[in-house]
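Novice: Dropping in target_38.txt, which is compact mmCIF, C-alpha atoms:
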```
# COMPACT_ATOMS: atom_id res chain seq x y z
CA MET A 1 -23.72 -18.59 12.96
CA GLU A 2 -26.42 -16.88 10.92
CA TRP A 3 -25.83 -17.05 7.16
CA ILE A 4 -25.81 -13.24 6.91
CA GLU A 5 -23.07 -12.94 9.56
CA MET A 6 -20.96 -15.53 7.75
CA THR A 7 -21.58 -13.73 4.44
CA SER A 8 -20.55 -10.40 5.96
CA GLN A 9 -17.16 -11.95 6.80
CA CYS A 10 -16.48 -12.86 3.19
CA PRO A 11 -13.75 -10.60 1.68
CA ILE A 12 -16.23 -9.27 -0.90
CA MET A 13 -18.57 -7.98 1.83
CA ARG A 14 -15.87 -6.81 4.27
CA GLY A 15 -16.67 -3.46 5.89
CA VAL A 16 -20.41 -3.74 5.37
CA PRO A 17 -22.21 -4.36 8.71
CA ALA A 18 -24.36 -7.51 8.79
CA ASP A 19 -27.61 -5.56 9.29
CA GLU A 20 -26.87 -3.28 6.33
CA LEU A 21 -25.99 -6.33 4.25
CA LEU A 22 -29.23 -8.06 5.25
CA HIS A 23 -31.09 -4.99 4.02
CA LEU A 24 -29.23 -5.12 0.67
CA PHE A 25 -29.97 -8.83 0.28
CA GLU A 26 -33.70 -8.22 0.80
CA ASN A 27 -33.75 -6.79 -2.71
CA LEU A 28 -31.64 -9.56 -4.28
CA GLN A 29 -32.37 -13.08 -5.41
CA PHE A 30 -30.04 -15.66 -3.93
CA GLN A 31 -30.09 -19.19 -2.56
CA ILE A 32 -28.33 -21.22 0.06
CA LYS A 33 -27.36 -24.73 -0.95
CA SER A 34 -25.71 -27.67 0.81
CA TYR A 35 -23.31 -30.24 -0.65
CA ARG A 36 -22.16 -33.56 0.79
CA LYS A 37 -18.49 -34.57 1.19
CA ASP A 38 -16.88 -35.17 -2.25
CA GLU A 39 -19.96 -33.93 -4.11
CA ILE A 40 -19.13 -32.02 -7.31
CA MET A 41 -19.96 -28.33 -7.00
CA ALA A 42 -18.70 -27.17 -10.40
CA ILE A 43 -17.10 -28.79 -13.42
CA GLN A 44 -13.96 -27.53 -15.19
CA GLY A 45 -14.94 -25.74 -18.40
CA ASP A 46 -18.48 -24.88 -17.29
CA GLU A 47 -19.43 -21.23 -17.58
CA VAL A 48 -19.27 -19.33 -14.28
CA LYS A 49 -22.77 -17.87 -14.08
CA ARG A 50 -23.05 -17.36 -10.36
CA LEU A 51 -20.99 -16.32 -7.41
CA MET A 52 -20.64 -19.03 -4.76
CA ILE A 53 -19.57 -17.99 -1.27
CA LEU A 54 -18.67 -20.76 1.16
CA LEU A 55 -20.61 -20.32 4.40
CA GLU A 56 -19.53 -23.58 6.02
CA GLY A 57 -16.79 -26.09 5.30
CA SER A 58 -14.18 -26.13 2.56
CA ALA A 59 -13.88 -27.15 -1.09
CA ARG A 60 -11.02 -28.15 -3.33
CA GLY A 61 -10.15 -27.29 -6.91
CA GLU A 62 -8.96 -30.33 -8.86
CA MET A 63 -7.55 -30.85 -12.32
CA THR A 64 -7.25 -34.11 -14.17
CA ASP A 65 -3.79 -34.88 -15.56
CA SER A 66 -2.96 -36.66 -18.81
CA GLU A 67 -3.16 -40.05 -17.05
CA GLY A 68 -6.67 -39.30 -15.81
CA ARG A 69 -5.63 -38.79 -12.20
CA ALA A 70 -7.08 -35.99 -10.08
CA VAL A 71 -4.53 -33.43 -8.90
CA LYS A 72 -5.52 -31.00 -6.16
CA ILE A 73 -4.79 -27.39 -7.12
CA GLU A 74 -6.05 -25.49 -4.10
CA ASP A 75 -8.33 -25.49 -1.07
CA VAL A 76 -10.85 -22.74 -0.34
CA ALA A 77 -12.54 -22.48 3.05
CA ALA A 78 -15.49 -20.48 4.43
CA PRO A 79 -16.09 -17.53 4.29
CA ARG A 80 -14.32 -17.20 0.92
CA PRO A 81 -15.81 -17.16 -2.61
CA LEU A 82 -15.21 -19.97 -5.13
CA ALA A 83 -13.72 -18.88 -8.48
CA GLY A 84 -14.83 -15.37 -7.56
CA ALA A 85 -12.40 -13.79 -10.02
CA PHE A 86 -13.91 -15.69 -12.96
CA LEU A 87 -17.46 -14.34 -12.79
CA PHE A 88 -16.99 -11.82 -15.60
CA GLY A 89 -14.90 -11.85 -18.76
CA GLN A 90 -14.99 -13.37 -22.19
CA GLU A 91 -14.05 -16.90 -21.22
CA ASN A 92 -15.58 -17.02 -17.77
CA ARG A 93 -15.28 -20.73 -17.18
CA TYR A 94 -14.23 -22.76 -14.15
CA PRO A 95 -10.50 -23.49 -14.52
CA VAL A 96 -10.86 -26.59 -12.29
CA ASP A 97 -13.43 -29.05 -10.98
CA VAL A 98 -14.71 -27.96 -7.58
CA LEU A 99 -15.53 -30.65 -4.99
CA ALA A 100 -16.72 -30.43 -1.39
CA ASN A 101 -14.08 -31.54 1.14
CA GLU A 102 -16.75 -32.13 3.78
CA SER A 103 -20.35 -31.04 4.33
CA VAL A 104 -20.49 -27.53 2.94
CA LYS A 105 -23.03 -24.76 2.70
CA VAL A 106 -22.81 -22.05 0.04
CA LEU A 107 -24.54 -18.80 -0.71
CA ILE A 108 -25.32 -18.57 -4.43
CA ILE A 109 -25.91 -15.26 -6.24
CA TYR A 110 -26.39 -15.15 -10.00
CA ARG A 111 -24.16 -12.70 -11.91
CA GLU A 112 -27.00 -10.29 -12.76
CA GLU A 113 -28.03 -10.08 -9.11
CA PHE A 114 -24.44 -9.62 -8.00
CA LEU A 115 -24.08 -6.77 -10.52
CA LYS A 116 -27.05 -5.10 -8.82
CA LEU A 117 -25.27 -5.44 -5.48
CA LEU A 118 -22.11 -3.86 -6.96
CA GLY A 119 -24.20 -0.93 -8.14
CA LEU A 120 -25.91 -0.57 -4.76
CA ASN A 121 -22.83 -0.54 -2.54
CA GLN A 122 -19.48 1.14 -3.23
CA THR A 123 -17.66 -0.85 -0.53
CA VAL A 124 -18.70 -4.14 -2.12
CA MET A 125 -17.59 -2.84 -5.51
CA MET A 126 -14.16 -1.81 -4.17
CA ASN A 127 -13.79 -5.14 -2.36
CA TYR A 128 -14.68 -7.06 -5.49
CA LEU A 129 -12.33 -5.06 -7.73
CA SER A 130 -9.62 -5.65 -5.14
CA LEU A 131 -10.31 -9.40 -5.10
CA VAL A 132 -10.15 -9.81 -8.88
CA SER A 133 -7.11 -7.58 -9.21
CA SER A 134 -5.31 -9.42 -6.41
CA LYS A 135 -6.04 -12.73 -8.12
CA ALA A 136 -4.55 -11.45 -11.38
CA GLN A 137 -1.49 -10.23 -9.48
CA PHE A 138 -1.10 -13.52 -7.64
CA LEU A 139 -1.27 -15.46 -10.91
CA SER A 140 1.15 -13.07 -12.57
CA ARG A 141 3.71 -13.60 -9.77
CA LYS A 142 3.21 -17.36 -9.98
CA ILE A 143 3.98 -17.33 -13.70
CA LYS A 144 7.06 -15.25 -13.02
CA PHE A 145 8.15 -17.86 -10.49
CA LEU A 146 7.40 -20.80 -12.79
CA THR A 147 9.25 -19.32 -15.75
CA PHE A 148 12.06 -17.37 -14.11
CA LYS A 149 13.30 -19.41 -11.16
CA THR A 150 13.70 -22.87 -12.49
CA ILE A 151 15.28 -22.61 -15.91
CA ARG A 152 18.80 -23.13 -14.55
CA GLU A 153 17.55 -26.16 -12.60
CA LYS A 154 15.84 -27.54 -15.69
CA LEU A 155 18.96 -26.97 -17.78
CA ALA A 156 21.04 -28.79 -15.17
CA ASN A 157 18.57 -31.70 -15.14
CA TYR A 158 18.58 -31.76 -18.91
CA LEU A 159 22.38 -31.76 -19.25
CA VAL A 160 22.72 -34.56 -16.71
CA SER A 161 19.95 -36.47 -18.51
CA ILE A 162 21.85 -36.43 -21.81
CA GLY A 163 24.91 -37.81 -20.07
CA VAL A 164 27.38 -34.93 -19.83
CA ARG A 165 30.57 -35.57 -17.85
CA GLN A 166 33.21 -33.34 -16.30
CA ASN A 167 35.54 -31.85 -18.95
CA GLU A 168 34.09 -33.88 -21.83
CA VAL A 169 32.67 -32.10 -24.87
CA LYS A 170 29.14 -33.25 -25.65
CA GLU A 171 27.04 -32.40 -28.68
CA ILE A 172 23.49 -31.33 -27.78
CA SER A 173 20.99 -32.43 -30.44
CA ALA A 174 18.36 -30.04 -29.09
CA SER A 175 18.11 -26.50 -30.38
CA GLN A 176 17.34 -23.70 -27.94
CA LYS A 177 13.82 -23.78 -29.39
CA ASP A 178 13.53 -27.50 -28.57
CA LEU A 179 14.66 -26.82 -25.00
CA ALA A 180 12.23 -23.91 -24.68
CA ASP A 181 9.40 -26.22 -25.80
CA LEU A 182 10.56 -28.90 -23.40
CA PHE A 183 10.57 -26.47 -20.45
CA GLY A 184 7.46 -24.56 -21.51
CA VAL A 185 9.25 -21.20 -21.60
CA ALA A 186 10.29 -18.64 -24.22
CA ARG A 187 13.50 -19.25 -26.20
CA PRO A 188 15.39 -16.18 -24.87
CA SER A 189 14.94 -17.52 -21.34
CA VAL A 190 16.85 -20.66 -22.33
CA ALA A 191 19.60 -18.57 -23.92
CA ARG A 192 19.93 -16.53 -20.75
CA GLY A 193 19.97 -19.62 -18.53
CA LEU A 194 22.79 -21.12 -20.58
CA ALA A 195 24.68 -17.80 -20.58
CA GLU A 196 24.36 -17.59 -16.80
CA LEU A 197 25.70 -21.11 -16.30
CA GLU A 198 28.62 -20.25 -18.59
CA LYS A 199 29.37 -16.97 -16.83
CA GLU A 200 29.45 -18.80 -13.49
CA GLY A 201 32.01 -21.23 -14.86
CA VAL A 202 29.69 -24.26 -14.62
CA ILE A 203 29.70 -25.01 -18.34
CA GLU A 204 31.38 -23.86 -21.54
CA ILE A 205 29.09 -23.71 -24.55
CA ARG A 206 29.80 -23.07 -28.26
CA ASN A 207 26.78 -23.47 -30.53
CA ARG A 208 25.50 -26.88 -29.52
CA ARG A 209 28.72 -28.22 -28.03
CA VAL A 210 28.81 -28.14 -24.26
CA LYS A 211 31.62 -28.94 -21.83
CA VAL A 212 30.95 -29.20 -18.10
CA LEU A 213 33.67 -27.42 -16.14
CA ASP A 214 32.06 -27.87 -12.73
CA MET A 215 30.05 -31.10 -12.53
CA LYS A 216 29.56 -30.64 -8.78
CA ALA A 217 27.84 -27.28 -9.26
CA LEU A 218 25.70 -28.76 -12.05
CA LEU A 219 24.61 -31.67 -9.85
CA ALA A 220 23.88 -29.26 -7.00
CA LEU A 221 21.48 -27.36 -9.28
CA LYS A 222 19.74 -30.58 -10.27
CA SER A 223 16.45 -30.81 -8.38
CA MET B 224 -7.68 11.31 -34.39
CA GLU B 225 -9.13 13.21 -31.44
CA TRP B 226 -8.05 11.87 -28.03
CA ILE B 227 -11.68 11.22 -27.07
CA GLU B 228 -12.30 9.11 -30.17
CA MET B 229 -9.16 7.07 -29.48
CA THR B 230 -10.20 6.68 -25.83
CA SER B 231 -13.67 5.51 -26.86
CA GLN B 232 -12.04 2.67 -28.79
CA CYS B 233 -10.23 1.36 -25.69
CA PRO B 234 -11.81 -1.93 -24.48
CA ILE B 235 -12.75 -0.30 -21.15
CA MET B 236 -14.87 2.34 -22.91
CA ARG B 237 -16.27 0.09 -25.64
CA GLY B 238 -19.97 0.70 -26.35
CA VAL B 239 -19.97 4.24 -24.98
CA PRO B 240 -20.32 6.78 -27.84
CA ALA B 241 -17.51 9.37 -28.03
CA ASP B 242 -19.83 12.31 -27.33
CA GLU B 243 -21.30 10.62 -24.24
CA LEU B 244 -17.76 9.78 -23.09
CA LEU B 245 -16.66 13.39 -23.60
CA HIS B 246 -19.52 14.45 -21.36
CA LEU B 247 -18.44 11.96 -18.66
CA PHE B 248 -14.83 13.16 -18.85
CA GLU B 249 -15.92 16.77 -18.32
CA ASN B 250 -16.50 15.83 -14.68
CA LEU B 251 -13.24 13.91 -14.27
CA GLN B 252 -9.63 14.88 -13.73
CA PHE B 253 -7.24 13.35 -16.22
CA GLN B 254 -4.17 14.24 -18.22
CA ILE B 255 -2.63 13.43 -21.56
CA LYS B 256 1.09 12.80 -21.54
CA SER B 257 3.71 12.03 -24.18
CA TYR B 258 6.76 9.79 -23.89
CA ARG B 259 9.75 9.49 -26.19
CA LYS B 260 11.01 6.20 -27.64
CA ASP B 261 12.54 4.00 -24.88
CA GLU B 262 11.46 6.39 -22.13
CA ILE B 263 10.43 4.63 -18.91
CA MET B 264 6.69 4.92 -18.28
CA ALA B 265 6.49 2.79 -15.12
CA ILE B 266 8.90 0.83 -12.95
CA GLN B 267 8.41 -2.78 -11.81
CA GLY B 268 7.33 -2.81 -8.16
CA ASP B 269 5.89 0.72 -8.18
CA GLU B 270 2.32 1.01 -6.95
CA VAL B 271 -0.24 1.28 -9.76
CA LYS B 272 -2.03 4.49 -8.80
CA ARG B 273 -3.41 5.49 -12.16
CA LEU B 274 -4.90 3.96 -15.25
CA MET B 275 -2.86 4.61 -18.39
CA ILE B 276 -4.56 4.17 -21.76
CA LEU B 277 -2.34 4.25 -24.84
CA LEU B 278 -3.73 6.77 -27.36
CA GLU B 279 -0.83 6.57 -29.82
CA GLY B 280 2.04 4.14 -30.30
CA SER B 281 2.96 1.04 -28.32
CA ALA B 282 4.82 0.14 -25.14
CA ARG B 283 6.60 -2.95 -23.90
CA GLY B 284 6.62 -4.68 -20.54
CA GLU B 285 10.13 -5.75 -19.52
CA MET B 286 11.47 -7.71 -16.59
CA THR B 287 15.00 -7.67 -15.34
CA ASP B 288 16.53 -11.05 -14.64
CA SER B 289 19.03 -11.94 -11.92
CA GLU B 290 21.92 -10.77 -14.10
CA GLY B 291 20.32 -7.38 -14.71
CA ARG B 292 19.33 -8.09 -18.30
CA ALA B 293 16.03 -6.81 -19.71
CA VAL B 294 13.60 -9.45 -20.98
CA LYS B 295 10.58 -8.38 -22.98
CA ILE B 296 7.37 -9.89 -21.61
CA GLU B 297 4.70 -8.34 -23.81
CA ASP B 298 3.79 -5.48 -26.15
CA VAL B 299 0.71 -3.32 -25.70
CA ALA B 300 -0.51 -0.98 -28.45
CA ALA B 301 -3.05 1.84 -28.65
CA PRO B 302 -5.93 1.93 -27.79
CA ARG B 303 -5.30 -0.53 -24.95
CA PRO B 304 -4.68 0.14 -21.23
CA LEU B 305 -1.32 -0.55 -19.55
CA ALA B 306 -1.44 -2.91 -16.53
CA GLY B 307 -5.18 -2.18 -16.43
CA ALA B 308 -5.87 -5.29 -14.36
CA PHE B 309 -3.49 -4.19 -11.60
CA LEU B 310 -5.19 -0.92 -10.62
CA PHE B 311 -6.90 -2.34 -7.56
CA GLY B 312 -5.93 -5.04 -5.09
CA GLN B 313 -3.67 -5.49 -2.12
CA GLU B 314 -0.40 -5.68 -3.98
CA ASN B 315 -1.29 -3.42 -6.87
CA ARG B 316 2.21 -2.99 -8.24
CA TYR B 317 3.55 -3.02 -11.78
CA PRO B 318 4.69 -6.59 -12.48
CA VAL B 319 7.13 -5.27 -15.12
CA ASP B 320 8.94 -2.12 -16.22
CA VAL B 321 6.98 -0.32 -18.93
CA LEU B 322 8.91 1.43 -21.72
CA ALA B 323 7.78 3.31 -24.80
CA ASN B 324 8.54 1.46 -28.06
CA GLU B 325 8.23 4.69 -30.05
CA SER B 326 6.69 8.12 -29.50
CA VAL B 327 3.60 7.42 -27.43
CA LYS B 328 0.72 9.42 -26.05
CA VAL B 329 -1.26 8.22 -23.03
CA LEU B 330 -4.40 9.22 -21.24
CA ILE B 331 -3.85 9.14 -17.48
CA ILE B 332 -6.68 8.81 -14.95
CA TYR B 333 -5.95 8.44 -11.24
CA ARG B 334 -7.64 5.51 -9.47
CA GLU B 335 -10.07 7.69 -7.49
CA GLU B 336 -11.24 9.45 -10.66
CA PHE B 337 -11.57 6.15 -12.49
CA LEU B 338 -13.72 4.84 -9.60
CA LYS B 339 -16.01 7.82 -10.17
CA LEU B 340 -16.29 6.86 -13.83
CA LEU B 341 -17.14 3.25 -12.88
CA GLY B 342 -19.92 4.58 -10.65
CA LEU B 343 -21.23 6.90 -13.38
CA ASN B 344 -21.45 4.41 -16.22
CA GLN B 345 -22.60 0.78 -16.03
CA THR B 346 -21.12 -0.11 -19.43
CA VAL B 347 -17.67 1.05 -18.35
CA MET B 348 -18.02 -0.95 -15.13
CA MET B 349 -19.01 -4.12 -17.01
CA ASN B 350 -16.17 -3.60 -19.50
CA TYR B 351 -13.66 -3.12 -16.71
CA LEU B 352 -14.84 -6.17 -14.75
CA SER B 353 -14.62 -8.14 -17.97
CA LEU B 354 -11.09 -6.91 -18.64
CA VAL B 355 -9.78 -7.80 -15.18
CA SER B 356 -11.57 -11.16 -15.12
CA SER B 357 -10.30 -12.02 -18.60
CA LYS B 358 -6.76 -11.20 -17.50
CA ALA B 359 -7.09 -13.53 -14.50
CA GLN B 360 -8.47 -16.25 -16.77
CA PHE B 361 -5.71 -15.77 -19.32
CA LEU B 362 -3.06 -16.05 -16.59
CA SER B 363 -4.79 -19.08 -15.09
CA ARG B 364 -4.81 -20.88 -18.46
CA LYS B 365 -1.15 -19.98 -18.96
CA ILE B 366 -0.25 -21.57 -15.61
CA LYS B 367 -2.27 -24.65 -16.50
CA PHE B 368 -0.36 -24.87 -19.76
CA LEU B 369 3.00 -24.40 -18.05
CA THR B 370 2.35 -27.01 -15.39
CA PHE B 371 0.08 -29.46 -17.18
CA LYS B 372 1.65 -29.92 -20.56
CA THR B 373 1.19 -33.63 -20.92
CA ILE B 374 3.94 -36.05 -20.12
CA ARG B 375 3.64 -37.59 -23.58
CA GLU B 376 4.32 -34.18 -25.12
CA LYS B 377 7.28 -33.66 -22.85
CA LEU B 378 8.61 -37.13 -23.66
CA ALA B 379 8.23 -36.40 -27.39
CA ASN B 380 10.06 -33.08 -26.97
CA TYR B 381 12.75 -34.82 -24.98
CA LEU B 382 13.30 -37.65 -27.45
CA VAL B 383 13.51 -35.24 -30.37
CA SER B 384 15.90 -33.09 -28.33
CA ILE B 385 18.35 -35.98 -27.87
CA GLY B 386 18.32 -36.60 -31.62
CA VAL B 387 16.32 -39.81 -32.15
CA ARG B 388 15.63 -40.82 -35.77
CA GLN B 389 13.16 -43.17 -37.43
CA ASN B 390 14.13 -46.84 -36.94
CA GLU B 391 17.49 -46.08 -35.30
CA VAL B 392 18.23 -47.44 -31.85
CA LYS B 393 19.34 -44.70 -29.47
CA GLU B 394 20.71 -45.04 -25.95
CA ILE B 395 19.06 -42.67 -23.46
CA SER B 396 21.48 -41.53 -20.77
CA ALA B 397 18.67 -40.36 -18.53
CA SER B 398 17.03 -42.69 -16.05
CA GLN B 399 13.28 -42.53 -15.54
CA LYS B 400 14.08 -40.69 -12.30
CA ASP B 401 16.13 -38.11 -14.25
CA LEU B 402 13.24 -37.60 -16.67
CA ALA B 403 10.76 -37.30 -13.80
CA ASP B 404 12.98 -34.60 -12.25
CA LEU B 405 13.28 -32.84 -15.60
CA PHE B 406 9.52 -32.76 -16.10
CA GLY B 407 8.69 -32.08 -12.48
CA VAL B 408 6.46 -35.16 -12.16
CA ALA B 409 6.53 -38.48 -10.30
CA ARG B 410 8.59 -41.36 -11.75
CA PRO B 411 5.61 -43.69 -12.39
CA SER B 412 4.08 -41.00 -14.64
CA VAL B 413 7.16 -41.18 -16.85
CA ALA B 414 6.95 -44.98 -16.95
CA ARG B 415 3.28 -44.77 -17.92
CA GLY B 416 3.97 -42.14 -20.59
CA LEU B 417 6.67 -44.30 -22.16
CA ALA B 418 4.42 -47.39 -21.98
CA GLU B 419 1.62 -45.47 -23.69
CA LEU B 420 3.88 -44.35 -26.52
CA GLU B 421 5.07 -47.94 -26.93
CA LYS B 422 1.53 -49.35 -26.91
CA GLU B 423 0.54 -46.90 -29.62
CA GLY B 424 3.41 -48.05 -31.81
CA VAL B 425 5.25 -44.74 -31.68
CA ILE B 426 8.40 -46.08 -30.02
CA GLU B 427 9.93 -49.36 -28.92
CA ILE B 428 11.78 -49.22 -25.62
CA ARG B 429 13.98 -51.78 -23.81
CA ASN B 430 15.63 -50.49 -20.66
CA ARG B 431 17.28 -47.31 -21.88
CA ARG B 432 17.41 -48.19 -25.57
CA VAL B 433 14.71 -46.52 -27.62
CA LYS B 434 13.78 -46.98 -31.29
CA VAL B 435 11.31 -44.64 -32.96
CA LEU B 436 8.87 -46.57 -35.14
CA ASP B 437 6.69 -43.60 -36.05
CA MET B 438 8.70 -40.40 -36.24
CA LYS B 439 5.72 -38.52 -37.72
CA ALA B 440 3.56 -39.31 -34.70
CA LEU B 441 6.38 -38.30 -32.37
CA LEU B 442 6.85 -34.97 -34.14
CA ALA B 443 3.09 -34.39 -34.08
CA LEU B 444 3.16 -34.74 -30.28
CA LYS B 445 6.01 -32.25 -30.04
CA SER B 446 4.59 -28.86 -29.13
```
Could you rewrite the structure in this file as structure tokens?
Specialist:
Amino acid sequence: MEWIEMTSQCPIMRGVPADELLHLFENLQFQIKSYRKDEIMAIQGDEVKRLMILLEGSARGEMTDSEGRAVKIEDVAAPRPLAGAFLFGQENRYPVDVLANESVKVLIIYREEFLKLLGLNQTVMMNYLSLVSSKAQFLSRKIKFLTFKTIREKLANYLVSIGVRQNEVKEISASQKDLADLFGVARPSVARGLAELEKEGVIEIRNRRVKVLDMKALLALKS
Amino acid sequence: MEWIEMTSQCPIMRGVPADELLHLFENLQFQIKSYRKDEIMAIQGDEVKRLMILLEGSARGEMTDSEGRAVKIEDVAAPRPLAGAFLFGQENRYPVDVLANESVKVLIIYREEFLKLLGLNQTVMMNYLSLVSSKAQFLSRKIKFLTFKTIREKLANYLVSIGVRQNEVKEISASQKDLADLFGVARPSVARGLAELEKEGVIEIRNRRVKVLDMKALLALKS
């Protein structure tokens, strides 16, 4: 497929016919570049200076964990943009390393040129605003999920890990602040999680003394 | 202060002089609305159809948890926009309820009118792209923090939470599998984290008996 047809299928260009797009690109500087399988396309922390749109193949975003191992965060396939939401902003840096999963071809437009395109075509501007906004919304929902859905599970894991037993009172050395740090959430979330478990009759808690009333339920929550 | 001067200080309008902005607004539909303390300004899940810029006072974003309790997520004060990053996109809904913290005054511009403004002024467009991009980057870093807090930090938090003290031997009830579940990582990562802490002289560990040799270092790791 012609590069311009592939480009016109990218979400940012959606709704703009390929011939019209070709006309727009005649006034823009851009390049088309190829990468080999596993070649590095961008490095975490580097400034995002250009928009990359995958024309062929797919790429992966990877992070390195504390033990130096690569952890795959997401896959992006043609005809989608890479880190498209991070092109503007005060800290516009790649949040991950980007590597080619196979032979890939990308269309590269520098930020200044892309800004020209946004000014030239209202549809592209709307599409781009929609893409960045949707990304922010997706991330916002993910945070909600990470912080709101698992606190009870984490509390259950924690209580089992400190050796609580059915109907035995156990002193918890950790403050709610310690637990919040441990889980990576805000302190009130921990308080609510504990209150929920108490209300459901799973535990009884007074200050830092906890008694498990329903060990089965606690173990069921444990992930 | 005049509404137009307050508006010109909002990050979206930054760099556009108040008189120029007043001229731009002459061709736009907008309204200025007041809310009383604790009045609801937007409801979680409602479509974001208009940009709201705080001209006076501050508002809070709240979520309701499974038990129906309100949890404050963030505060926004004049002259900043409310949910400004969620105006476009496929699921452009308020991620939280928005309530007035005190008497507030807001400038309201519907999406279509705001699009006009973006088309009329390049500075406003750049500012807005920067705002939405920065929001996506902020959320992305927050997720990274929530999911990638290092295992050594989590281990330090955990050990402090179970009440270890300098040079005292403490039995850990949790197995490495329990800790892996608690942290949401694989068991070998826990083993490696513990081995690292031991190699660095922070702890001594034999089976489930741990002795802290360097409480200062352990506390320094604690987030």
Novice: Lay chain A over chain B with a least-squares fit on all the C-alpha atoms, paired in sequence, and tell me the RMSD.
Specialist: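 The optimal C-alpha superposition leaves an RMSD of 3.7 Å.
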Novice: Return the single residue from A:Met125, A:Arg165, A:Leu115, A:Glu47 that is closest to Gln90 (chain A), with distances computed using all atoms listed in the file.
Specialist: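 For Gln90 (chain A), the nearest of the candidates is A:Glu47.
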Novice: Using all atoms listed in the file, I'd like every residue of chain B that has an atom within 7 Å of chain A; please write them out as a PyMOL selection string.
Specialist: chain B and resi 308-309+311-314+352-360+362-363+366+369+371+373+377+380-381+384-386+396-397+401+404-405+446
Novice: Could you pull out every residue with an atom within 7 Å of (4.0, -0.1, -27.4), file coordinates, counting all atoms listed in the file, and send them as a list in words?
Specialist: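 Output of the proximity query reads Gly280, Ser281, Ala282, Arg283, Asp298, Val299, Ala300, Ala323, Asn324 and Glu325 of chain B.
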Novice: Hey, can you check how far CA of Arg431 (chain B) sits from CA of Ala217 (chain A)?
Specialist: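 Computing the Euclidean distance for CA of Arg431 (chain B) and CA of Ala217 (chain A) yields 25.9 Å.
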Novice: List as a list in words the protein and nucleic acid residues near Ile332 (chain B), meaning an atom at most 10 Å away when only C-alpha atoms are counted, but skip any in the same chain fewer than 5 places from it.
Specialist: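 Answer for this query is Leu251, Gln252, Phe253, Gln254, Ile255, Lys272, Arg273, Leu274, Met275, Ile276, Phe337, Leu338 and Leu340 of chain B.
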Novice: Give me the residues within 10 Å of Leu24 (chain A) as a list in words, counting all atoms listed in the file and dropping any in the same chain fewer than 3 places off.
Specialist: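 That gives Ala18, Asp19, Glu20, Leu21, Asn27, Leu28, Lys116, Leu117, Leu120 and Asn121 of chain A.
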Novice: Compile the contact shell of Leu322 (chain B) as a list in words: residues with an atom at most 10 Å away, counting all atoms listed in the file, same-chain residues fewer than 4 positions apart removed.
Specialist: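 So the residues in contact are Tyr258, Arg259, Lys260, Asp261, Glu262, Ile263, Met264, Ala265, Ile266, Ser281, Ala282, Arg283, Gly284, Glu285, Asp298 and Val327 of chain B.
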Novice: Would you work out the distance separating CA of Lys72 (chain A) from CA of Ile12 (chain A), expressed in Å to one decimal?
Specialist: 24.8 Å
Novice: Please list as a list in words every residue within 8 Å of Arg14 (chain A), counting all atoms listed in the file and excluding residues in the same chain fewer than 2 positions away.
Specialist: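 Answer for this query is Ser8, Gln9, Cys10, Pro11, Ile12, Val16, Thr123, Val124 and Asn127 of chain A.
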Novice: Have a look at CA of Val48 (chain A) and CA of Arg80 (chain A) and let me know their distance in Å, one decimal.
Specialist: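 Taking CA of Val48 (chain A) as the start and CA of Arg80 (chain A) as the end point, the length is 16.1 Å.
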Novice: Can you list, as a list in words, every protein, DNA or RNA residue that comes within 7 Å of Asn167 (chain A) when you count all atoms listed in the file, leaving out same-chain residues fewer than 2 positions away?
Specialist: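 Final neighbour list, sorted by chain and number: Arg165, Val169, Lys211, Val212 and Leu213 of chain A.
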